[in-house]
file entry_30.txt (compact mmCIF, C-alpha atoms)
# COMPACT_ATOMS: atom_id res chain seq x y z
CA MET C 1 -5.11 -39.98 -72.31
CA ASN C 2 -5.53 -38.84 -68.73
CA LEU C 3 -8.52 -36.80 -69.77
CA MET C 4 -10.09 -39.82 -71.46
CA LEU C 5 -9.58 -41.94 -68.37
CA THR C 6 -11.16 -39.23 -66.22
CA ASP C 7 -14.10 -39.04 -68.61
CA ASN C 8 -14.51 -42.80 -68.37
CA VAL C 9 -14.47 -42.69 -64.58
CA ILE C 10 -17.07 -39.91 -64.56
CA GLY C 11 -19.14 -41.83 -67.12
CA ALA C 12 -19.05 -44.97 -64.95
CA GLU C 13 -20.00 -42.96 -61.84
CA ASN C 14 -22.91 -41.34 -63.65
CA GLN C 15 -24.01 -44.74 -64.88
CA GLN C 16 -23.87 -46.11 -61.31
CA GLU C 17 -25.87 -43.16 -60.00
CA ARG C 18 -28.41 -43.63 -62.78
CA LEU C 19 -28.88 -47.31 -61.86
CA LYS C 20 -29.29 -46.47 -58.17
CA THR C 21 -31.79 -43.72 -59.01
CA THR C 22 -33.73 -46.12 -61.25
CA GLY C 23 -33.91 -48.58 -58.34
CA TRP C 24 -34.87 -45.78 -55.94
CA VAL C 25 -37.80 -44.72 -58.16
CA VAL C 26 -39.12 -48.31 -58.30
CA GLY C 27 -38.76 -48.76 -54.51
CA PHE C 28 -40.33 -45.40 -53.71
CA ILE C 29 -43.31 -46.14 -55.97
CA ASP C 30 -43.60 -49.64 -54.44
CA GLY C 31 -43.89 -47.86 -51.10
CA GLU C 32 -45.77 -44.65 -51.87
CA GLY C 33 -46.97 -44.63 -55.45
CA CYS C 34 -50.43 -45.18 -56.84
CA PHE C 35 -51.80 -46.06 -60.25
CA SER C 36 -55.44 -45.07 -60.39
CA VAL C 37 -58.21 -44.80 -62.93
CA SER C 38 -61.12 -42.54 -62.10
CA LEU C 39 -64.36 -42.03 -63.92
CA HIS C 40 -65.94 -38.60 -64.17
CA LYS C 41 -69.34 -37.52 -65.44
CA ASN C 42 -68.66 -35.29 -68.40
CA PRO C 43 -71.63 -34.41 -70.64
CA THR C 44 -69.32 -32.99 -73.32
CA THR C 45 -67.98 -36.48 -74.12
CA LYS C 46 -69.76 -38.86 -76.51
CA LEU C 47 -70.84 -41.32 -73.82
CA GLY C 48 -71.18 -38.86 -70.94
CA TRP C 49 -68.21 -40.23 -69.04
CA GLN C 50 -64.55 -39.40 -69.00
CA ILE C 51 -61.92 -41.91 -67.93
CA MET C 52 -58.93 -40.39 -66.15
CA PRO C 53 -55.88 -42.55 -65.57
CA GLU C 54 -53.36 -41.03 -63.17
CA PHE C 55 -49.99 -41.91 -61.70
CA VAL C 56 -49.48 -40.32 -58.28
CA ALA C 57 -47.10 -40.16 -55.34
CA THR C 58 -47.91 -38.19 -52.19
CA GLN C 59 -45.58 -36.79 -49.53
CA GLY C 60 -45.60 -34.24 -46.73
CA GLU C 61 -43.99 -30.84 -47.28
CA LYS C 62 -40.75 -31.90 -45.56
CA SER C 63 -40.27 -34.56 -48.24
CA LEU C 64 -41.19 -32.38 -51.22
CA ALA C 65 -37.65 -32.88 -52.58
CA SER C 66 -38.41 -36.56 -53.19
CA LEU C 67 -41.38 -35.62 -55.43
CA LYS C 68 -39.19 -33.14 -57.30
CA LYS C 69 -36.71 -35.96 -57.81
CA LEU C 70 -39.48 -38.08 -59.40
CA GLN C 71 -40.55 -35.18 -61.60
CA SER C 72 -37.02 -34.56 -62.77
CA PHE C 73 -36.37 -38.29 -63.31
CA PHE C 74 -39.43 -38.79 -65.51
CA GLY C 75 -39.17 -35.32 -67.07
CA CYS C 76 -42.93 -34.92 -66.76
CA GLY C 77 -45.79 -34.59 -64.30
CA ARG C 78 -46.86 -31.78 -62.00
CA ILE C 79 -46.73 -31.24 -58.25
CA PHE C 80 -49.87 -29.96 -56.50
CA VAL C 81 -50.53 -28.95 -52.92
CA ASN C 82 -53.19 -31.22 -51.54
CA HIS C 83 -55.42 -29.36 -49.13
CA ARG C 84 -56.11 -32.40 -47.02
CA TYR C 85 -53.89 -32.68 -43.99
CA ASP C 86 -52.72 -35.94 -42.52
CA ASN C 87 -51.34 -34.71 -39.24
CA HIS C 88 -52.32 -31.02 -39.20
CA ARG C 89 -48.68 -30.07 -39.12
CA GLU C 90 -47.67 -29.90 -42.75
CA ASN C 91 -49.23 -29.65 -46.19
CA LEU C 92 -49.41 -32.71 -48.39
CA TYR C 93 -48.03 -32.61 -51.90
CA ARG C 94 -48.99 -34.81 -54.85
CA PHE C 95 -46.79 -35.58 -57.82
CA CYS C 96 -49.23 -36.45 -60.64
CA VAL C 97 -48.86 -37.57 -64.23
CA ARG C 98 -52.21 -37.22 -65.99
CA SER C 99 -51.16 -36.58 -69.58
CA PHE C 100 -52.10 -39.64 -71.63
CA ARG C 101 -49.05 -39.25 -73.83
CA GLU C 102 -46.65 -39.02 -70.88
CA LEU C 103 -48.26 -42.02 -69.19
CA ASP C 104 -48.03 -43.99 -72.43
CA GLU C 105 -44.54 -42.94 -73.49
CA ARG C 106 -42.69 -42.49 -70.22
CA ILE C 107 -44.39 -44.03 -67.19
CA ILE C 108 -45.58 -47.34 -68.69
CA PRO C 109 -42.33 -48.19 -70.54
CA PHE C 110 -40.31 -47.40 -67.38
CA PHE C 111 -42.28 -49.78 -65.13
CA ARG C 112 -42.39 -52.42 -67.88
CA GLU C 113 -38.59 -52.41 -67.86
CA ASN C 114 -38.19 -51.97 -64.10
CA GLU C 115 -40.63 -54.25 -62.37
CA LEU C 116 -42.37 -53.26 -59.13
CA GLN C 117 -41.76 -55.70 -56.28
CA THR C 118 -45.01 -55.36 -54.35
CA ALA C 119 -48.67 -56.03 -55.13
CA LYS C 120 -48.62 -52.66 -56.94
CA SER C 121 -47.12 -54.58 -59.82
CA ARG C 122 -50.57 -56.08 -60.46
CA ASP C 123 -52.21 -52.66 -60.30
CA PHE C 124 -49.65 -51.41 -62.76
CA ASP C 125 -50.40 -54.29 -65.17
CA ILE C 126 -54.10 -53.42 -65.16
CA PHE C 127 -53.29 -49.73 -65.51
CA ALA C 128 -51.08 -50.47 -68.54
CA GLN C 129 -53.87 -52.59 -70.07
CA ILE C 130 -56.32 -49.70 -69.67
CA ILE C 131 -53.88 -47.26 -71.26
CA GLY C 132 -53.49 -49.78 -74.11
CA LEU C 133 -57.26 -49.94 -74.62
CA MET C 134 -57.52 -46.15 -74.58
CA LYS C 135 -54.73 -45.95 -77.14
CA GLU C 136 -56.89 -48.14 -79.38
CA LYS C 137 -59.74 -45.64 -78.75
CA GLU C 138 -61.85 -48.34 -77.10
CA HIS C 139 -62.96 -45.88 -74.42
CA LEU C 140 -65.01 -44.12 -77.09
CA THR C 141 -67.38 -47.09 -77.39
CA GLU C 142 -69.83 -48.30 -74.75
CA LYS C 143 -68.40 -51.81 -74.91
CA GLY C 144 -64.89 -50.45 -74.46
CA ILE C 145 -65.86 -48.27 -71.51
CA LYS C 146 -67.46 -51.28 -69.80
CA LYS C 147 -64.29 -53.31 -70.39
CA ILE C 148 -62.18 -50.51 -68.89
CA ILE C 149 -64.46 -50.19 -65.86
CA ALA C 150 -64.36 -53.96 -65.30
CA LEU C 151 -60.56 -53.77 -65.31
CA ALA C 152 -60.44 -50.67 -63.10
CA THR C 153 -62.59 -52.30 -60.42
CA LYS C 154 -59.90 -54.98 -60.09
CA MET C 155 -57.36 -52.39 -59.01
CA ASN C 156 -56.86 -52.20 -55.26
CA THR C 157 -55.55 -48.73 -55.22
CA GLY C 158 -57.92 -47.26 -57.76
CA LYS C 159 -59.87 -44.45 -56.14
CA ARG C 160 -62.84 -44.31 -58.43
CA LYS C 161 -65.01 -41.24 -58.04
CA GLN C 162 -67.97 -43.14 -59.46
CA GLN C 163 -68.47 -46.86 -59.76
CA PHE C 164 -70.78 -48.86 -62.00
CA MET T 1 -11.03 -65.99 -73.81
CA ASN T 2 -14.72 -66.34 -74.66
CA LEU T 3 -15.35 -67.71 -71.20
CA MET T 4 -13.61 -64.73 -69.61
CA LEU T 5 -15.67 -62.33 -71.66
CA THR T 6 -18.84 -64.14 -70.64
CA ASP T 7 -17.77 -63.97 -66.99
CA ASN T 8 -17.17 -60.24 -67.32
CA VAL T 9 -20.58 -59.71 -68.85
CA ILE T 10 -22.24 -61.71 -66.06
CA GLY T 11 -20.18 -59.78 -63.47
CA ALA T 12 -21.27 -56.44 -64.96
CA GLU T 13 -24.92 -57.57 -65.04
CA ASN T 14 -24.75 -58.66 -61.40
CA GLN T 15 -23.17 -55.34 -60.49
CA GLN T 16 -25.95 -53.48 -62.31
CA GLU T 17 -28.61 -55.54 -60.55
CA ARG T 18 -26.91 -54.90 -57.21
CA LEU T 19 -26.94 -51.12 -57.81
CA LYS T 20 -30.61 -51.18 -58.80
CA THR T 21 -31.48 -53.28 -55.75
CA THR T 22 -29.55 -50.89 -53.50
CA GLY T 23 -31.56 -48.00 -54.96
CA TRP T 24 -34.80 -49.99 -54.58
CA VAL T 25 -34.13 -50.62 -50.87
CA VAL T 26 -33.54 -46.88 -50.26
CA GLY T 27 -36.68 -45.89 -52.20
CA PHE T 28 -38.84 -48.53 -50.53
CA ILE T 29 -37.69 -47.44 -47.07
CA ASP T 30 -38.25 -43.78 -48.04
CA GLY T 31 -41.81 -44.82 -48.84
CA GLU T 32 -42.63 -47.48 -46.28
CA GLY T 33 -39.86 -47.83 -43.74
CA CYS T 34 -39.72 -46.63 -40.17
CA PHE T 35 -36.91 -46.04 -37.70
CA SER T 36 -38.34 -46.04 -34.21
CA VAL T 37 -37.13 -46.02 -30.63
CA SER T 38 -39.50 -47.25 -27.98
CA LEU T 39 -39.15 -47.19 -24.23
CA HIS T 40 -40.42 -50.07 -22.14
CA LYS T 41 -40.77 -50.42 -18.39
CA ASN T 42 -38.47 -53.24 -17.39
CA PRO T 43 -37.79 -53.70 -13.66
CA THR T 44 -34.95 -56.12 -14.39
CA THR T 45 -32.80 -53.32 -15.88
CA LYS T 46 -30.68 -51.00 -13.71
CA LEU T 47 -32.81 -47.90 -14.27
CA GLY T 48 -36.17 -49.67 -14.71
CA TRP T 49 -36.43 -48.81 -18.40
CA GLN T 50 -35.39 -50.54 -21.55
CA ILE T 51 -34.73 -48.65 -24.77
CA MET T 52 -35.66 -50.56 -27.90
CA PRO T 53 -34.53 -49.23 -31.26
CA GLU T 54 -36.18 -50.92 -34.22
CA PHE T 55 -36.05 -50.71 -38.02
CA VAL T 56 -39.36 -51.74 -39.60
CA ALA T 57 -41.18 -52.01 -42.91
CA THR T 58 -44.81 -53.12 -43.12
CA GLN T 59 -46.72 -54.61 -46.04
CA GLY T 60 -49.90 -56.53 -46.74
CA GLU T 61 -49.74 -60.26 -47.36
CA LYS T 62 -49.83 -59.81 -51.14
CA SER T 63 -46.55 -57.88 -50.96
CA LEU T 64 -44.79 -60.23 -48.55
CA ALA T 65 -42.17 -60.93 -51.25
CA SER T 66 -40.94 -57.33 -50.95
CA LEU T 67 -40.24 -57.83 -47.22
CA LYS T 68 -38.43 -61.09 -47.98
CA LYS T 69 -36.35 -59.15 -50.48
CA LEU T 70 -35.36 -56.69 -47.72
CA GLN T 71 -34.53 -59.56 -45.36
CA SER T 72 -32.38 -61.26 -47.94
CA PHE T 73 -30.68 -57.99 -48.94
CA PHE T 74 -29.68 -57.10 -45.39
CA GLY T 75 -29.11 -60.73 -44.39
CA CYS T 76 -30.83 -60.07 -41.08
CA GLY T 77 -34.15 -59.21 -39.45
CA ARG T 78 -37.32 -61.17 -38.95
CA ILE T 79 -40.79 -61.08 -40.49
CA PHE T 80 -43.80 -61.17 -38.17
CA VAL T 81 -47.51 -61.33 -38.87
CA ASN T 82 -49.11 -58.24 -37.42
CA HIS T 83 -52.58 -59.03 -36.16
CA ARG T 84 -53.90 -55.59 -36.93
CA TYR T 85 -55.75 -55.36 -40.20
CA ASP T 86 -55.78 -52.31 -42.41
CA ASN T 87 -58.55 -53.26 -44.76
CA HIS T 88 -59.92 -56.46 -43.26
CA ARG T 89 -58.92 -58.33 -46.38
CA GLU T 90 -55.35 -59.40 -45.75
CA ASN T 91 -52.90 -59.82 -42.89
CA LEU T 92 -50.20 -57.27 -42.37
CA TYR T 93 -46.57 -58.35 -42.17
CA ARG T 94 -43.71 -56.51 -40.48
CA PHE T 95 -40.05 -56.88 -41.36
CA CYS T 96 -38.17 -55.90 -38.18
CA VAL T 97 -34.53 -55.56 -37.25
CA ARG T 98 -34.25 -55.31 -33.47
CA SER T 99 -30.82 -56.82 -32.83
CA PHE T 100 -28.52 -54.04 -31.66
CA ARG T 101 -25.57 -55.57 -33.43
CA GLU T 102 -27.40 -55.91 -36.74
CA LEU T 103 -28.69 -52.35 -36.52
CA ASP T 104 -25.19 -51.11 -35.75
CA GLU T 105 -23.27 -53.22 -38.24
CA ARG T 106 -25.67 -53.55 -41.16
CA ILE T 107 -28.57 -51.10 -41.17
CA ILE T 108 -26.77 -47.91 -40.04
CA PRO T 109 -23.75 -48.29 -42.37
CA PHE T 110 -26.05 -49.01 -45.32
CA PHE T 111 -28.16 -45.85 -44.88
CA ARG T 112 -25.04 -43.78 -44.11
CA GLU T 113 -23.71 -44.80 -47.51
CA ASN T 114 -27.04 -44.66 -49.34
CA GLU T 115 -28.86 -41.56 -48.25
CA LEU T 116 -32.65 -41.48 -47.85
CA GLN T 117 -34.35 -38.82 -50.00
CA THR T 118 -37.33 -37.96 -47.80
CA ALA T 119 -37.76 -36.49 -44.31
CA LYS T 120 -37.01 -40.01 -43.04
CA SER T 121 -33.39 -39.09 -43.54
CA ARG T 122 -33.66 -36.85 -40.44
CA ASP T 123 -35.28 -39.67 -38.44
CA PHE T 124 -32.48 -41.94 -39.52
CA ASP T 125 -29.83 -39.44 -38.36
CA ILE T 126 -31.41 -39.30 -34.90
CA PHE T 127 -31.76 -43.08 -34.84
CA ALA T 128 -28.08 -43.47 -35.72
CA GLN T 129 -27.14 -41.01 -32.95
CA ILE T 130 -29.13 -43.04 -30.42
CA ILE T 131 -27.47 -46.27 -31.54
CA GLY T 132 -24.11 -44.47 -31.15
CA LEU T 133 -24.96 -43.42 -27.59
CA MET T 134 -26.09 -46.95 -26.71
CA LYS T 135 -22.86 -48.32 -28.14
CA GLU T 136 -21.05 -46.07 -25.65
CA LYS T 137 -23.29 -47.59 -22.94
CA GLU T 138 -24.79 -44.18 -22.18
CA HIS T 139 -28.25 -45.75 -21.88
CA LEU T 140 -27.07 -47.35 -18.65
CA THR T 141 -26.85 -43.97 -16.91
CA GLU T 142 -29.77 -41.72 -16.00
CA LYS T 143 -28.19 -38.79 -17.82
CA GLY T 144 -27.69 -40.91 -20.92
CA ILE T 145 -31.26 -42.21 -20.88
CA LYS T 146 -32.58 -38.64 -20.67
CA LYS T 147 -30.38 -37.65 -23.61
CA ILE T 148 -31.70 -40.59 -25.64
CA ILE T 149 -35.31 -39.77 -24.77
CA ALA T 150 -34.79 -36.12 -25.74
CA LEU T 151 -33.47 -37.30 -29.12
CA ALA T 152 -36.23 -39.89 -29.59
CA THR T 153 -38.98 -37.30 -29.02
CA LYS T 154 -37.60 -35.41 -32.04
CA MET T 155 -38.35 -38.36 -34.31
CA ASN T 156 -41.59 -38.00 -36.27
CA THR T 157 -42.07 -41.63 -36.87
CA GLY T 158 -40.99 -42.86 -33.44
CA LYS T 159 -43.89 -44.68 -31.87
CA ARG T 160 -42.93 -44.41 -28.22
CA LYS T 161 -44.88 -46.65 -25.91
CA GLN T 162 -44.15 -44.31 -23.01
CA GLN T 163 -43.05 -40.69 -23.09
CA PHE T 164 -41.31 -38.59 -20.44

call {"tool": "encode", "arguments": {"input": "entry_30.txt", "output": "structure tokens"}}
result
Amino acid sequence: MNLMLTDNVIGAENQQERLKTTGWVVGFIDGEGCFSVSLHKNPTTKLGWQIMPEFVATQGEKSLASLKKLQSFFGCGRIFVNHRYDNHRENLYRFCVRSFRELDERIIPFFRENELQTAKSRDFDIFAQIIGLMKEKEHLTEKGIKKIIALATKMNTGKRKQQF
Amino acid sequence: MNLMLTDNVIGAENQQERLKTTGWVVGFIDGEGCFSVSLHKNPTTKLGWQIMPEFVATQGEKSLASLKKLQSFFGCGRIFVNHRYDNHRENLYRFCVRSFRELDERIIPFFRENELQTAKSRDFDIFAQIIGLMKEKEHLTEKGIKKIIALATKMNTGKRKQQF
């Protein structure tokens, strides 16, 4: 009986931590995250263009642990050193999710359930729409690509390598 | 009995929301918040200098709701329009807590209990130390002011108007 009670207490504590971590992820992405869709010339694709949706958070080296926390929370994504420097004192690191499947199955459902509180919420909505269109293979048609580009240009934070 | 059950369910839901909001505040401040200590010339003070600790988060107009959420969560602080523009498209807003009492009684205890996950955690520790010294009135002595300045110069995010 005592053991069961202890298990329940631990279960409740884990549940509380999980809720706080969920909130932390939303707040951190509200502050530092970015949903972007970039367009790359790629002659090997049918239409000559490749659409690359990406979910990113950037931090200095001293805060690398926070990116590792994101990576472990979502159970996906990679962390890269970014060779641009913001203050010449420390390297920048980027946590990126680029895999279409991981964006579709992990990132989008999470932010659908746990709404962003800043204007990034609108960027996320557009991002999710684009992922939806790509899931329907619309990016393989010229009409679909144009639709995606029209949506992407509405994103504030989208850093498009090439614009139409 | 049904009513009691319903009350319990509502209570549990509120508790869950509260935990998620707590996490959100920590994550958002990890991303966008700033603990700073500035030093102002003020001939009306005993030593000619005034030390101003401040807790700040800045957002564009479109994300003003997120600053209001912070203000309502902490039950203190003010929101100012900042007449600098980052992208010439929207005003910037700053949520600021400058009241010594509110910093001491609300902001510091909250972040002591809910630890920041980025390098801002170190800035917060220094900030809390400075508030502690001011509480002991050490900023009213020359030795104390020097101690505070030495601490403040260790803060990355401190935007000091005047440095020693």

call {"tool": "atom_distance", "arguments": {"input": "entry_30.txt", "atom1": "CA of Gln15 (chain C)", "atom2": "CA of Gly11 (chain T)"}}
result
15.6 Å

call {"tool": "interface_residues", "arguments": {"input": "entry_30.txt", "of": "chain T", "to": "chain C", "cutoff": "7 Å", "atoms": "only C-alpha atoms", "output": "VMD selection string"}}
result
chain T and resid 16 19 to 28 30 to 32 62 to 63 65 to 66 117 to 119

call {"tool": "closest_residue", "arguments": {"input": "entry_30.txt", "among": "C:Gln50, C:Asn82, C:Ser36, C:Asn14", "to": "Phe124 (chain C)", "atoms": "all atoms listed in the file"}}
result
C:Ser36

call {"tool": "calpha_fit_and_write", "arguments": {"input": "entry_30.txt", "fixed": "chain T", "moving": "chain C", "output": "tab-separated table (two decimals) with C-alpha atoms, keeping the file's coordinate frame"}}
result
chain	number	residue	atom	x	y	z
C	1	MET	CA	-11.02	-66.09	-73.61
C	2	ASN	CA	-14.68	-66.44	-74.50
C	3	LEU	CA	-15.35	-67.77	-71.04
C	4	MET	CA	-13.60	-64.79	-69.47
C	5	LEU	CA	-15.63	-62.37	-71.55
C	6	THR	CA	-18.84	-64.16	-70.54
C	7	ASP	CA	-17.80	-63.99	-66.90
C	8	ASN	CA	-17.17	-60.27	-67.27
C	9	VAL	CA	-20.58	-59.72	-68.84
C	10	ILE	CA	-22.26	-61.68	-66.03
C	11	GLY	CA	-20.20	-59.76	-63.46
C	12	ALA	CA	-21.29	-56.43	-64.97
C	13	GLU	CA	-24.94	-57.55	-65.04
C	14	ASN	CA	-24.78	-58.64	-61.41
C	15	GLN	CA	-23.18	-55.34	-60.51
C	16	GLN	CA	-25.97	-53.45	-62.33
C	17	GLU	CA	-28.63	-55.51	-60.56
C	18	ARG	CA	-26.93	-54.88	-57.23
C	19	LEU	CA	-26.95	-51.10	-57.81
C	20	LYS	CA	-30.63	-51.15	-58.81
C	21	THR	CA	-31.49	-53.26	-55.75
C	22	THR	CA	-29.54	-50.86	-53.51
C	23	GLY	CA	-31.57	-47.97	-54.96
C	24	TRP	CA	-34.80	-49.96	-54.59
C	25	VAL	CA	-34.13	-50.59	-50.88
C	26	VAL	CA	-33.54	-46.86	-50.25
C	27	GLY	CA	-36.69	-45.87	-52.20
C	28	PHE	CA	-38.85	-48.51	-50.54
C	29	ILE	CA	-37.69	-47.42	-47.07
C	30	ASP	CA	-38.25	-43.76	-48.04
C	31	GLY	CA	-41.81	-44.79	-48.83
C	32	GLU	CA	-42.64	-47.48	-46.28
C	33	GLY	CA	-39.86	-47.81	-43.74
C	34	CYS	CA	-39.71	-46.63	-40.17
C	35	PHE	CA	-36.91	-46.03	-37.70
C	36	SER	CA	-38.34	-46.04	-34.21
C	37	VAL	CA	-37.13	-46.02	-30.64
C	38	SER	CA	-39.50	-47.26	-27.98
C	39	LEU	CA	-39.16	-47.21	-24.25
C	40	HIS	CA	-40.40	-50.10	-22.14
C	41	LYS	CA	-40.76	-50.46	-18.39
C	42	ASN	CA	-38.45	-53.27	-17.41
C	43	PRO	CA	-37.74	-53.72	-13.68
C	44	THR	CA	-34.88	-56.14	-14.42
C	45	THR	CA	-32.77	-53.32	-15.89
C	46	LYS	CA	-30.64	-51.01	-13.73
C	47	LEU	CA	-32.79	-47.92	-14.28
C	48	GLY	CA	-36.14	-49.67	-14.73
C	49	TRP	CA	-36.42	-48.81	-18.40
C	50	GLN	CA	-35.37	-50.55	-21.56
C	51	ILE	CA	-34.73	-48.66	-24.78
C	52	MET	CA	-35.66	-50.58	-27.93
C	53	PRO	CA	-34.52	-49.22	-31.27
C	54	GLU	CA	-36.17	-50.90	-34.25
C	55	PHE	CA	-36.05	-50.69	-38.02
C	56	VAL	CA	-39.35	-51.74	-39.60
C	57	ALA	CA	-41.18	-52.00	-42.90
C	58	THR	CA	-44.81	-53.11	-43.12
C	59	GLN	CA	-46.73	-54.58	-46.06
C	60	GLY	CA	-49.92	-56.51	-46.74
C	61	GLU	CA	-49.74	-60.26	-47.38
C	62	LYS	CA	-49.85	-59.80	-51.17
C	63	SER	CA	-46.58	-57.86	-50.96
C	64	LEU	CA	-44.81	-60.21	-48.55
C	65	ALA	CA	-42.19	-60.90	-51.25
C	66	SER	CA	-40.95	-57.31	-50.96
C	67	LEU	CA	-40.25	-57.82	-47.22
C	68	LYS	CA	-38.44	-61.07	-47.99
C	69	LYS	CA	-36.36	-59.13	-50.49
C	70	LEU	CA	-35.37	-56.67	-47.73
C	71	GLN	CA	-34.54	-59.53	-45.37
C	72	SER	CA	-32.39	-61.24	-47.95
C	73	PHE	CA	-30.70	-57.96	-48.96
C	74	PHE	CA	-29.69	-57.07	-45.40
C	75	GLY	CA	-29.11	-60.71	-44.40
C	76	CYS	CA	-30.83	-60.05	-41.09
C	77	GLY	CA	-34.14	-59.19	-39.47
C	78	ARG	CA	-37.33	-61.18	-38.96
C	79	ILE	CA	-40.78	-61.07	-40.52
C	80	PHE	CA	-43.81	-61.16	-38.19
C	81	VAL	CA	-47.52	-61.33	-38.89
C	82	ASN	CA	-49.11	-58.24	-37.46
C	83	HIS	CA	-52.56	-59.00	-36.12
C	84	ARG	CA	-53.90	-55.57	-36.88
C	85	TYR	CA	-55.74	-55.35	-40.16
C	86	ASP	CA	-55.79	-52.31	-42.36
C	87	ASN	CA	-58.56	-53.26	-44.73
C	88	HIS	CA	-59.91	-56.50	-43.23
C	89	ARG	CA	-58.93	-58.34	-46.37
C	90	GLU	CA	-55.36	-59.40	-45.76
C	91	ASN	CA	-52.90	-59.83	-42.92
C	92	LEU	CA	-50.19	-57.26	-42.39
C	93	TYR	CA	-46.58	-58.33	-42.18
C	94	ARG	CA	-43.70	-56.50	-40.49
C	95	PHE	CA	-40.05	-56.86	-41.38
C	96	CYS	CA	-38.17	-55.89	-38.20
C	97	VAL	CA	-34.52	-55.55	-37.26
C	98	ARG	CA	-34.23	-55.31	-33.47
C	99	SER	CA	-30.81	-56.82	-32.84
C	100	PHE	CA	-28.50	-54.03	-31.69
C	101	ARG	CA	-25.54	-55.58	-33.46
C	102	GLU	CA	-27.39	-55.91	-36.78
C	103	LEU	CA	-28.69	-52.34	-36.54
C	104	ASP	CA	-25.19	-51.10	-35.76
C	105	GLU	CA	-23.27	-53.19	-38.28
C	106	ARG	CA	-25.66	-53.53	-41.19
C	107	ILE	CA	-28.58	-51.10	-41.17
C	108	ILE	CA	-26.79	-47.91	-40.06
C	109	PRO	CA	-23.74	-48.27	-42.36
C	110	PHE	CA	-26.06	-49.00	-45.33
C	111	PHE	CA	-28.16	-45.83	-44.89
C	112	ARG	CA	-25.04	-43.77	-44.12
C	113	GLU	CA	-23.70	-44.77	-47.54
C	114	ASN	CA	-27.05	-44.64	-49.35
C	115	GLU	CA	-28.87	-41.54	-48.26
C	116	LEU	CA	-32.65	-41.46	-47.85
C	117	GLN	CA	-34.35	-38.80	-49.98
C	118	THR	CA	-37.33	-37.94	-47.79
C	119	ALA	CA	-37.76	-36.49	-44.31
C	120	LYS	CA	-37.01	-40.01	-43.04
C	121	SER	CA	-33.39	-39.08	-43.54
C	122	ARG	CA	-33.65	-36.87	-40.44
C	123	ASP	CA	-35.28	-39.66	-38.45
C	124	PHE	CA	-32.49	-41.95	-39.52
C	125	ASP	CA	-29.84	-39.44	-38.36
C	126	ILE	CA	-31.40	-39.29	-34.90
C	127	PHE	CA	-31.76	-43.07	-34.85
C	128	ALA	CA	-28.06	-43.47	-35.72
C	129	GLN	CA	-27.13	-41.00	-32.96
C	130	ILE	CA	-29.12	-43.03	-30.43
C	131	ILE	CA	-27.47	-46.26	-31.55
C	132	GLY	CA	-24.11	-44.47	-31.17
C	133	LEU	CA	-24.96	-43.42	-27.61
C	134	MET	CA	-26.08	-46.94	-26.74
C	135	LYS	CA	-22.84	-48.31	-28.17
C	136	GLU	CA	-21.03	-46.06	-25.69
C	137	LYS	CA	-23.27	-47.58	-22.97
C	138	GLU	CA	-24.80	-44.17	-22.21
C	139	HIS	CA	-28.24	-45.75	-21.88
C	140	LEU	CA	-27.04	-47.35	-18.66
C	141	THR	CA	-26.84	-43.97	-16.92
C	142	GLU	CA	-29.76	-41.72	-16.00
C	143	LYS	CA	-28.19	-38.79	-17.82
C	144	GLY	CA	-27.69	-40.92	-20.92
C	145	ILE	CA	-31.26	-42.22	-20.88
C	146	LYS	CA	-32.57	-38.65	-20.66
C	147	LYS	CA	-30.38	-37.65	-23.61
C	148	ILE	CA	-31.70	-40.60	-25.63
C	149	ILE	CA	-35.32	-39.78	-24.77
C	150	ALA	CA	-34.79	-36.13	-25.73
C	151	LEU	CA	-33.48	-37.30	-29.11
C	152	ALA	CA	-36.23	-39.89	-29.58
C	153	THR	CA	-38.97	-37.32	-29.03
C	154	LYS	CA	-37.60	-35.42	-32.03
C	155	MET	CA	-38.34	-38.35	-34.31
C	156	ASN	CA	-41.58	-38.01	-36.25
C	157	THR	CA	-42.06	-41.64	-36.85
C	158	GLY	CA	-41.01	-42.86	-33.43
C	159	LYS	CA	-43.90	-44.73	-31.86
C	160	ARG	CA	-42.94	-44.49	-28.24
C	161	LYS	CA	-44.87	-46.77	-25.93
C	162	GLN	CA	-44.16	-44.44	-23.02
C	163	GLN	CA	-43.09	-40.83	-23.09
C	164	PHE	CA	-41.38	-38.72	-20.45

call {"tool": "closest_residue", "arguments": {"input": "entry_30.txt", "among": "T:Trp49, T:Phe80, T:Phe95, T:Phe74", "to": "Pro109 (chain T)", "atoms": "all atoms listed in the file"}}
result
T:Phe74

call {"tool": "residues_around", "arguments": {"input": "entry_30.txt", "residues": "Ile79 (chain C)", "least_positions_apart": "2", "cutoff": "8 Å", "atoms": "only C-alpha atoms", "output": "list in words"}}
result
Leu67, Lys68, Gly77, Val81, Tyr93, Arg94, Phe95 and Cys96 of chain C

call {"tool": "residues_around", "arguments": {"input": "entry_30.txt", "residues": "Leu140 (chain C)", "least_positions_apart": "2", "cutoff": "12 Å", "atoms": "all atoms listed in the file", "output": "number ranges by chain"}}
result
C: 45-51, 133-138, 142-148

call {"tool": "residues_near_point", "arguments": {"input": "entry_30.txt", "point": "(-25.0, -41.8, -41.7)", "cutoff": "12 Å", "atoms": "all atoms listed in the file", "output": "list in words"}}
result
Asp104, Arg106, Ile107, Ile108, Pro109, Phe110, Phe111, Arg112, Glu113, Asn114, Glu115, Leu116, Ser121, Arg122, Asp123, Phe124, Asp125, Ile126, Phe127, Ala128, Gln129, Ile131 and Gly132 of chain T

call {"tool": "atom_distance", "arguments": {"input": "entry_30.txt", "atom1": "CA of Leu39 (chain C)", "atom2": "CA of Glu105 (chain C)"}}
result
22.0 Å

call {"tool": "atom_distance", "arguments": {"input": "entry_30.txt", "atom1": "CA of Ala152 (chain C)", "atom2": "CA of Thr44 (chain C)"}}
result
22.3 Å
